[in-house]
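Data first, discussion second: the structure below is written as structure tokens.
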6 protein chains.
Amino acid sequence: MRILVINPNTTASMTKVIGEAARAAASPGVEILAVNPTDGPPSIEGYYDEAFSIGEIGKAGEVDATVIACFDDTGLEAARCFSPSPVVGIGEAGFHMASLIAEKFGVVTTLSRSLAPIEHNLVKYGLASRCAGVRASDVPVLELEDPRSNARELILEQIQKSLSEDGAEAIVLGCAGMTRLAHELSETVGAPVLDGVACAVALAESAARLGLRTSKRNTYALPRAKRYSGAFGRFSPDGR
Amino acid sequence: MRILVINPNTTASMTKVIGEAARAAASPGVEILAVNPTDGPPSIEGYYDEAFSIGEIGKAGEVDATVIACFDDTGLEAARCFSPSPVVGIGEAGFHMASLIAEKFGVVTTLSRSLAPIEHNLVKYGLASRCAGVRASDVPVLELEDPRSNARELILEQIQKSLSEDGAEAIVLGCAGMTRLAHELSETVGAPVLDGVACAVALAESAARLGLRTSKRNTYALPRAKRYSGAFGRFSPDGR
Amino acid sequence: MRILVINPNTTASMTKVIGEAARAAASPGVEILAVNPTDGPPSIEGYYDEAFSIGEIGKAGEVDATVIACFDDTGLEAARCFSPSPVVGIGEAGFHMASLIAEKFGVVTTLSRSLAPIEHNLVKYGLASRCAGVRASDVPVLELEDPRSNARELILEQIQKSLSEDGAEAIVLGCAGMTRLAHELSETVGAPVLDGVACAVALAESAARLGLRTSKRNTYALPRAKRYSGAFGRFSPDGR
Amino acid sequence: MRILVINPNTTASMTKVIGEAARAAASPGVEILAVNPTDGPPSIEGYYDEAFSIGEIGKAGEVDATVIACFDDTGLEAARCFSPSPVVGIGEAGFHMASLIAEKFGVVTTLSRSLAPIEHNLVKYGLASRCAGVRASDVPVLELEDPRSNARELILEQIQKSLSEDGAEAIVLGCAGMTRLAHELSETVGAPVLDGVACAVALAESAARLGLRTSKRNTYALPRAKRYSGAFGRFSPDGR
Amino acid sequence: MRILVINPNTTASMTKVIGEAARAAASPGVEILAVNPTDGPPSIEGYYDEAFSIGEIGKAGEVDATVIACFDDTGLEAARCFSPSPVVGIGEAGFHMASLIAEKFGVVTTLSRSLAPIEHNLVKYGLASRCAGVRASDVPVLELEDPRSNARELILEQIQKSLSEDGAEAIVLGCAGMTRLAHELSETVGAPVLDGVACAVALAESAARLGLRTSKRNTYALPRAKRYSGAFGRFSPDGR
Amino acid sequence: MRILVINPNTTASMTKVIGEAARAAASPGVEILAVNPTDGPPSIEGYYDEAFSIGEIGKAGEVDATVIACFDDTGLEAARCFSPSPVVGIGEAGFHMASLIAEKFGVVTTLSRSLAPIEHNLVKYGLASRCAGVRASDVPVLELEDPRSNARELILEQIQKSLSEDGAEAIVLGCAGMTRLAHELSETVGAPVLDGVACAVALAESAARLGLRTSKRNTYALPRAKRYSGAFGRFSPDGR
């Protein structure tokens with residue numbers, strides 16, 4: 001089985017970390033292809049960056065399942081339209097898996113501008129009522145890996161508030177760049193801390209193994225054949 | 001890895017079918033233990049039967065993950081309180097997996113008295129907004145396997161209405177006893193038809209493989225040590 | 001008129017207190033039958049205990065109305081299926097009556113593990129939007145009557161927070177064991193404090209006097225005739 | 001015990017019918033005072049009429065409980081502000097009582113212009129999720145008592161659609177003028193049909209018997225002392 | 001173009017301020033007619049005052065658009081029934097305009113008794129999910145213009161809490177009497193502060209310029225011809 | 001005043017029609033700049049096309065207000081992040097204006113794949129409860145202007161169903177390409193039919209005239225300074 005893992009930002013070092021987390025979560029025999037686009041923002045922080053993070057959606061059709069490895073699930077619906085095989089976002093994956101082990105989960109993300117995109121996704125997926133609250137740690141995405149950023153402490157502080165003040169019973173880490181922190185933070189706080197990348201790989205693999213396919217009725221119907229202009233010509237849905 | 005699959009009704013032939021479906025969905029090397037209680041109703045049809053279907057919750061603590069194989073997810077929360085390892089209901093599993101491959105899913109169950117329990121579960125899980133509607137086929141649970149019952153045709157009729165009238169893009173079969181029908185019905189209607197047993201086994205296995213544990217904060221805290229009276233003495237939470 | 005009041009836990013002293021409160025709330029000429037099961041938990045604290053508190057549902061058919069005297073409304077829907085006459089839970093009764101005298105009510109219950117069951121009931125009944133919040137006093141059920149437990153002070157503290165911080169305009173006491181405290185606490189805080197037992201008796205009596213019967217369409221249809229196995233044989237719905 | 005029943009329209013013959021229904025629902029020893037204003041519309045059909053149906057709110061302070069006998073619950077909140085004793089609307093009363101005997105209730109009212117006011121009330125009270133739908137019979141209020149109006153048949157037709165198409169399990173009649181039809185229609189359709197006047201009297205009497213008082217915190221605080229100008233001077237809250 | 005601006009309370013000095021704000025917001029060539037009733041409360045603070053603030057609805061039919069200049073939108077639906085041209089409330093206008101420039105807006109109003117009417121309006125309009133919270137400044141309406149009332153500071157304090165604690169990104173001032181404060185407070189806090197009067201005039205003018213008319217289907221159908229009794233005779237809808 | 005109107009697809013003939021509609025709706029003295037991108041899909045039909053319709057967001061900063069002229073409001077949030085002046089989508093504009101003249105509005109759009117994006121937007125904006133339903137006419141965007149497409153009749157048919165079956169009281173046309181049909185269809189059906197382009201121009205102009213600015217707190221904060229790679233370099237937010 002081959003699973004495509006798309007990091008929709010252009011930062012290759014982040015793609016590498018995500019790829020490693022994906023491989024650690026996959027079953028034996030599952031091949032992980034971790035990619036990122038060459039055009040677009042180096043990190044996705046809020047709605048503006050998101051609009052230019054089109055990812056490598058065009059490759060989704062050639063694998064057994066695809067993971068979108070940005071916590072905003074950027075381009076998830078577009079990729080589902082294009083792909084007959086399952087596509088899973090790491091945001092939704094974290095929410096679904098947390099729902100199975102806790103009545104209420106909290107989310108700890110990077111910047112406050114990412115709160116609204118995540119909250120709207122929770123409503124769109126239907127899982128808002130399961131979320132005890134989304135909190136920002138005020139750590140920019142690209143500083144998560146910087147040892148001088150104090151990232152772990154700032155994230156830990158919000159996790160503890162989520163558990164004690166918001167009533168969260170488990171925590172979903174709200175950025176693909178936090179994937180390395182999940183296990184250790186879970187030990188520290190004594191409650192489940194979930195990494196969306198691992199959850200998404202597990203769900204994508206499960207869906208593929210069960211033979212599930214993206215429904216092509218209505219919402220995720222194959223794009224109508226038409227030619228896109230200019231720089232987006234290579235994404236035109238008329239060649240299939 | 002060992003996964004306990006609890007059929008909460010007392011009908012052993014149904015446990016056998018469920019066990020086979022669970023084994024077909026599990027990865028190589030996963031052992032499936034399919035059990036049912038000796039006390040209680042032979043089928044669960046509505047709230048009254050459900051109240052007496054306590055299942056074999058007491059065994060949930062000894063395995064890597066547990067599946068509750070009744071579509072009402074009978075006893076799910078109680079089992080989560082008792083068990084440190086993950087517990088997944090086949091109802092919720094079908095809803096979560098369908099959400100990954102379709103914008104809206106429909107549910108087709110047995111009797112109209114089961115509509116309210118399923119609809120309330122959808123609200124409780126947060127996924128009601130993803131459901132295009134729950135429909136009853138008017139086939140009693142124990143007639144599903146009876147070749148004279150015309151079950152497949154009655155279920156197919158409701159599936160087609162769900163797709164064409166309700167706007168469903170995928171279908172979740174609303175009874176553990178329908179597990180054998182999923183694949184063939186999916187071929188017939190040209191849209192995904194999901195069996196909750198397979199979905200739950202995949203999710204339980206995924207959760208266990210990722211090392212996730214049921215949160216013991218608040219809702220699913222271990223039961224307080226106390227002695228139960230009379231016939232329920234063996235379920236007392238004071239011996240652990 | 002005869003009203004059956006079922007305490008679904010096995011603690012007879014609590015049944016006695018509940019019966020007294022019920023008699024105090026009933027009109028002249030109404031007979032109160034207060035009962036509890038002999039099998040099951042001595043108190044209901046969270047989902048696990050609840051699963052084994054089947055109560056004395058079988059007696060609901062023989063009276064003019066029935067009250068389920070556990071604040072989680074344990075077994076309420078099952079009793080409604082069985083009974084042609086009205087069945088009222090003390091949780092829902094407190095919520096309905098509070099809605100008539102306040103725009104927003106708060107709930108103060110025992111342990112934090114009971115928050116989720118109560119919150120889900122509020123959603124199920126439709127009255128969640130009327131609730132300013134559910135708070136736990138951290139007093140176990142069986143210590144409510146223990147003079148050393150400091151129960152009254154701990155409950156009072158949460159009532160005051162509910163009124164001042166959550167915007168509650170009235171309080172519903174969230175446990176049948178708190179029934180004796182309602183009147184005095186109402187005087188102390190200068191706002192309505194409701195006891196579910198009294199509310200449920202009044203509603204059950206009202207429904208019976210108006211000649212209302214539990215609807216037998218769909219959700220609360222009489223259980224289908226079938227024989228239950230083993231210890232639950234006496235609850236089988238096939239003898240009626 | 002004295003219960004004030006306010007018909008907020010000016011039609012005295014309707015007040016008489018309402019008073020009779022109230023007396024039939026009250027316990028022995030309860031005195032019913034049925035009144036209507038002399039200023040305002042002869043019937044309340046939609047938002048415009050409602051704005052001019054101020055009722056006899058000023059009398060609410062002098063009795064043990066008050067019933068607002070218009071299904072739109074016209075002036076309910078205003079009366080609650082003025083009155084220390086409980087005030088119950090016949091619309092809300094019907095919804096609350098129906099919730100105790102059915103999972104889903106339908107409402108059958110007069111004209112389509114009354115649908116929105118009733119639907120908004122259901123949301124305001126929190127009970128919208130319990131309602132299977134509100135239907136208009138297209139019978140104007142003042143023709144309900146006219147034998148030539150075919151009112152019973154038109155109402156019955158909508159009741160039957162509510163039960164069979166909307167999934168209602170009980171019916172609430174959506175106009176005080178329908179009070180005489182409830183019992184007979186219930187017999188005809190074999191499902192509970194509730195009259196709001198009877199339900200409201202039972203709830204008002206229950207609240208008064210339990211010693212409940214309207215909360216004076218926030219929403220229903222006594223009106224601030226001020227003098228109203230002109231024709232409304234007699235309603236000024238400054239004399240108390 | 002002529003726009004009628006109805007202040008539904010009887011305080012002429014407040015009508016004058018409102019009229020000035022309306023003129024400042026209107027395009028060149030738009031005539032503003034600011035009126036108030038002679039009967040009723042001098043200010044609208046909660047549900048009781050609201051019931052007696054019928055306004056000058058009868059004049060709504062003779063202009064190009066109407067603004068209801070009370071933040072509770074008192075009589076809005078009644079005026080829409082009566083008027084073929086558009087009618088806009090200042091509460092809804094503030095909510096709609098704030099939604100265009102901020103993801104979440106906060107509301108700061110006068111007294112705590114006004115919280116529930118505003119919150120229910122937000123739900124009725126559908127915009128509750130856009131509101132970060134409604135806060136009371138505890139300044140009575142008629143003291144807003146009193147220099148000794150400290151009104152500006154009390155309002156500013158709640159605005160700052162709304163921005164910092166509730167997550168509001170813009171503020172809607174919750175009383176027509178606050179109209180003079182909007183511009184200066186916006187400068188002070190560095191975030192948009194909206195005055196409902198200006199917003200409503202802009203929306204009413206826009207609707208009229210686009211040729212939009214109040215729909216006469218169902219909810220806002222013209223009142224049925226009938227004669228009102230007594231003091232309300234002049235509002236009878238039978239003369240048209 | 002200058003208002004930028006962005007057609008996010010690449011079809012210049014559609015931009016021309018939209019520009020004309022915008023000019024017709026604007027007040028005297030307002031200049032309309034109608035533009036479209038050179039890269040991307042010729043029409044936006046569903047999530048896939050939407051992902052590649054980035055529009056001319058970069059120009060939003062230089063005008064008094066901006067209109068996004070695709071009914072899916074493609075790129076609306078991104079443009080708001082970039083722009084200090086107000087940005088209004090034609091979808092949201094239609095919903096807001098319809099809410100002022102009708103209790104419930106219906107939406108009639110092009111293809112069924114556009115239903116989910118529109119329904120999710122309605123939830124995001126908060127106005128879903130005001131919408132009686134979204135219907136597809138099954139006319140592709142680029143055939144709207146084709147006289148052989150029978151577009152008007154197919155749209156009219158869905159409008160009539162929305163009014164008679166769904167209870168809509170006004171209609172919002174769900175595509176910028178339908179702008180020419182609004183006035184005539186309104187005459188035909190005798191109910192308001194709204195064109196989002198005209199509504200958005202009026203709202204954008206109103207917001208600008210009132211001096212409102214997009215809030216820069218949290219959600220729509222200016223993008224953090226960073227350099228985008230490759231083809232998207234010109235959209236980098238680091239040059240400001």
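Going by the structure tokens order, chains are called A, B, ..., each with residues numbered from 1, while ligands are numbered from 1 in the order shown.
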Exercise. Within 6 Å of chain E, which residues of chain F show up when using only C-alpha atoms, listed as a VMD selection string?
Worked result: chain F and resid 101 to 102 126 to 127 129 169 202 206 214 to 215 217
Based on the selection just made, write N, CA, C and O atoms of those residues as a short mmCIF file (atom, residue, chain, number, x, y, z; two decimals), in the first residue's frame.
```cif
data_model
loop_
_atom_site.label_atom_id
_atom_site.label_comp_id
_atom_site.auth_asym_id
_atom_site.auth_seq_id
_atom_site.Cartn_x
_atom_site.Cartn_y
_atom_site.Cartn_z
N ILE F 101 -35.61 41.33 4.47
CA ILE F 101 -36.93 41.48 3.84
C ILE F 101 -37.74 40.19 3.87
O ILE F 101 -38.86 40.15 3.35
N ALA F 102 -37.18 39.13 4.44
CA ALA F 102 -37.91 37.86 4.51
C ALA F 102 -37.44 37.07 5.71
O ALA F 102 -36.26 37.13 6.09
N GLY F 126 -23.37 32.05 9.87
CA GLY F 126 -24.36 32.05 10.93
C GLY F 126 -25.79 32.09 10.42
O GLY F 126 -26.73 32.01 11.20
N LEU F 127 -25.96 32.18 9.10
CA LEU F 127 -27.30 32.43 8.57
C LEU F 127 -28.01 31.17 8.07
O LEU F 127 -29.07 31.26 7.43
N SER F 129 -29.84 29.11 9.60
CA SER F 129 -31.20 28.96 10.12
C SER F 129 -32.19 29.86 9.37
O SER F 129 -33.39 29.67 9.49
N GLU F 169 -39.49 32.68 1.40
CA GLU F 169 -40.28 33.89 1.22
C GLU F 169 -39.57 34.87 0.27
O GLU F 169 -40.16 35.85 -0.17
N ALA F 202 -23.86 47.31 -2.79
CA ALA F 202 -24.54 48.19 -1.84
C ALA F 202 -23.93 48.07 -0.44
O ALA F 202 -23.70 49.07 0.25
N SER F 206 -21.86 50.89 1.50
CA SER F 206 -22.34 51.32 2.82
C SER F 206 -21.23 51.25 3.85
O SER F 206 -21.03 52.18 4.64
N THR F 214 -11.93 46.67 8.05
CA THR F 214 -11.79 45.28 8.47
C THR F 214 -10.98 45.22 9.77
O THR F 214 -9.89 45.78 9.85
N SER F 215 -11.52 44.52 10.76
CA SER F 215 -10.81 44.39 12.03
C SER F 215 -9.50 43.63 11.82
O SER F 215 -9.48 42.62 11.11
N ARG F 217 -7.81 42.35 14.39
CA ARG F 217 -7.59 41.51 15.57
C ARG F 217 -7.80 40.05 15.19
O ARG F 217 -8.81 39.71 14.59
#
```
Problem set entry | DSSP helix (DSSP H, G or I) selection over chain D, as an MDAnalysis selection string | chainID D and resid 12:25 47:51 57:62 76:82 90:101 112:125 128:130 141:143 147:149 151:164 176:189 196:209 218:220 230:235 237:239
For this session: Just the residues within 10 Å of range 74-76 of chain E, please, counting only C-alpha atoms, with nothing from its chain fewer than 3 positions along; format it as a PyMOL selection string.
Result: (chain D and resi 47-48+50-52) or (chain E and resi 7-9+44+47+49-57+66-71+79-81+87-92+117)
Can you spit out the residues from that selection as an mmCIF file, in the first residue's frame, using C-alpha atoms?
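The file below, part_35.cif, is the result:
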```cif
data_model
loop_
_atom_site.group_PDB
_atom_site.id
_atom_site.type_symbol
_atom_site.label_atom_id
_atom_site.label_comp_id
_atom_site.auth_asym_id
_atom_site.auth_seq_id
_atom_site.Cartn_x
_atom_site.Cartn_y
_atom_site.Cartn_z
ATOM 1 C CA TYR D 47 -46.749 39.369 14.476
ATOM 2 C CA TYR D 48 -48.858 42.464 13.785
ATOM 3 C CA GLU D 50 -49.455 40.255 18.583
ATOM 4 C CA ALA D 51 -47.879 43.696 19.009
ATOM 5 C CA PHE D 52 -51.203 45.144 20.150
ATOM 6 C CA ASN E 7 -37.623 55.711 18.334
ATOM 7 C CA PRO E 8 -40.123 53.427 20.090
ATOM 8 C CA ASN E 9 -39.749 55.110 23.496
ATOM 9 C CA ILE E 44 -36.943 50.358 26.976
ATOM 10 C CA TYR E 47 -39.219 42.705 28.315
ATOM 11 C CA ASP E 49 -41.040 48.061 28.845
ATOM 12 C CA GLU E 50 -40.809 46.447 25.429
ATOM 13 C CA ALA E 51 -44.396 45.178 25.578
ATOM 14 C CA PHE E 52 -45.706 48.748 25.761
ATOM 15 C CA SER E 53 -43.476 50.277 23.080
ATOM 16 C CA ILE E 54 -45.638 49.907 20.033
ATOM 17 C CA GLY E 55 -44.057 52.824 18.260
ATOM 18 C CA GLU E 56 -45.376 54.564 15.242
ATOM 19 C CA ILE E 57 -45.628 51.475 13.111
ATOM 20 C CA THR E 66 -38.140 52.420 7.945
ATOM 21 C CA VAL E 67 -35.633 52.093 10.770
ATOM 22 C CA ILE E 68 -36.650 50.857 14.233
ATOM 23 C CA ALA E 69 -34.271 52.708 16.524
ATOM 24 C CA CYS E 70 -34.327 50.552 19.649
ATOM 25 C CA PHE E 71 -31.572 47.980 20.019
ATOM 26 C CA ALA E 79 -43.763 46.824 11.245
ATOM 27 C CA ARG E 80 -42.653 44.433 8.504
ATOM 28 C CA CYS E 81 -46.148 42.962 8.331
ATOM 29 C CA VAL E 87 -37.910 47.813 7.647
ATOM 30 C CA VAL E 88 -34.573 47.462 9.443
ATOM 31 C CA GLY E 89 -33.894 47.266 13.178
ATOM 32 C CA ILE E 90 -30.783 48.886 14.606
ATOM 33 C CA GLY E 91 -29.896 45.733 16.511
ATOM 34 C CA GLU E 92 -29.930 43.477 13.475
ATOM 35 C CA PRO E 117 -33.802 39.900 24.716
#
```
Seminar exercise, completed: note - CA of Gly106 in chain B and CA of Ala22 in chain B are separated by 22.4 Å
Write out as a short mmCIF file (atom, residue, chain, number, x, y, z; two decimals) with C-alpha atoms, in the first residue's frame the residues lying within 8 Å of Val134 in chain D, counting only C-alpha atoms and excluding same-chain residues fewer than 2 positions away.
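Once written, part.cif looks like this:
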```
data_model
loop_
_atom_site.label_atom_id
_atom_site.label_comp_id
_atom_site.auth_asym_id
_atom_site.auth_seq_id
_atom_site.Cartn_x
_atom_site.Cartn_y
_atom_site.Cartn_z
CA GLY D 106 -46.03 18.00 16.00
CA VAL D 107 -47.92 21.30 16.20
CA VAL D 108 -51.05 22.13 14.19
CA THR D 109 -52.02 25.79 14.22
CA LEU D 115 -45.65 29.44 11.76
CA ILE D 118 -44.29 29.51 16.94
CA GLU D 119 -41.05 28.21 15.46
CA CYS D 131 -40.70 19.30 17.44
CA ALA D 132 -41.28 17.28 14.27
CA ALA D 136 -50.97 25.43 9.41
#
```
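Compared by their closest atoms to Phe95 in chain C, and using only C-alpha atoms, the residues C:Tyr228, C:Pro28, C:Leu154, C:Asp72 rank with C:Asp72 nearest.
Atom pair CA of Lys16 in chain F / CA of Val35 in chain F has a distance of 8.7 Å (rounded to one decimal).
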For this session: Name the residues in contact with range 138-149 of chain C at a cut-off of 8 Å, using only C-alpha atoms, excluding same-chain residues fewer than 4 positions from it; report them as an MDAnalysis selection string.
Result: chainID C and resid 43:45 110:112 154 175 177:178
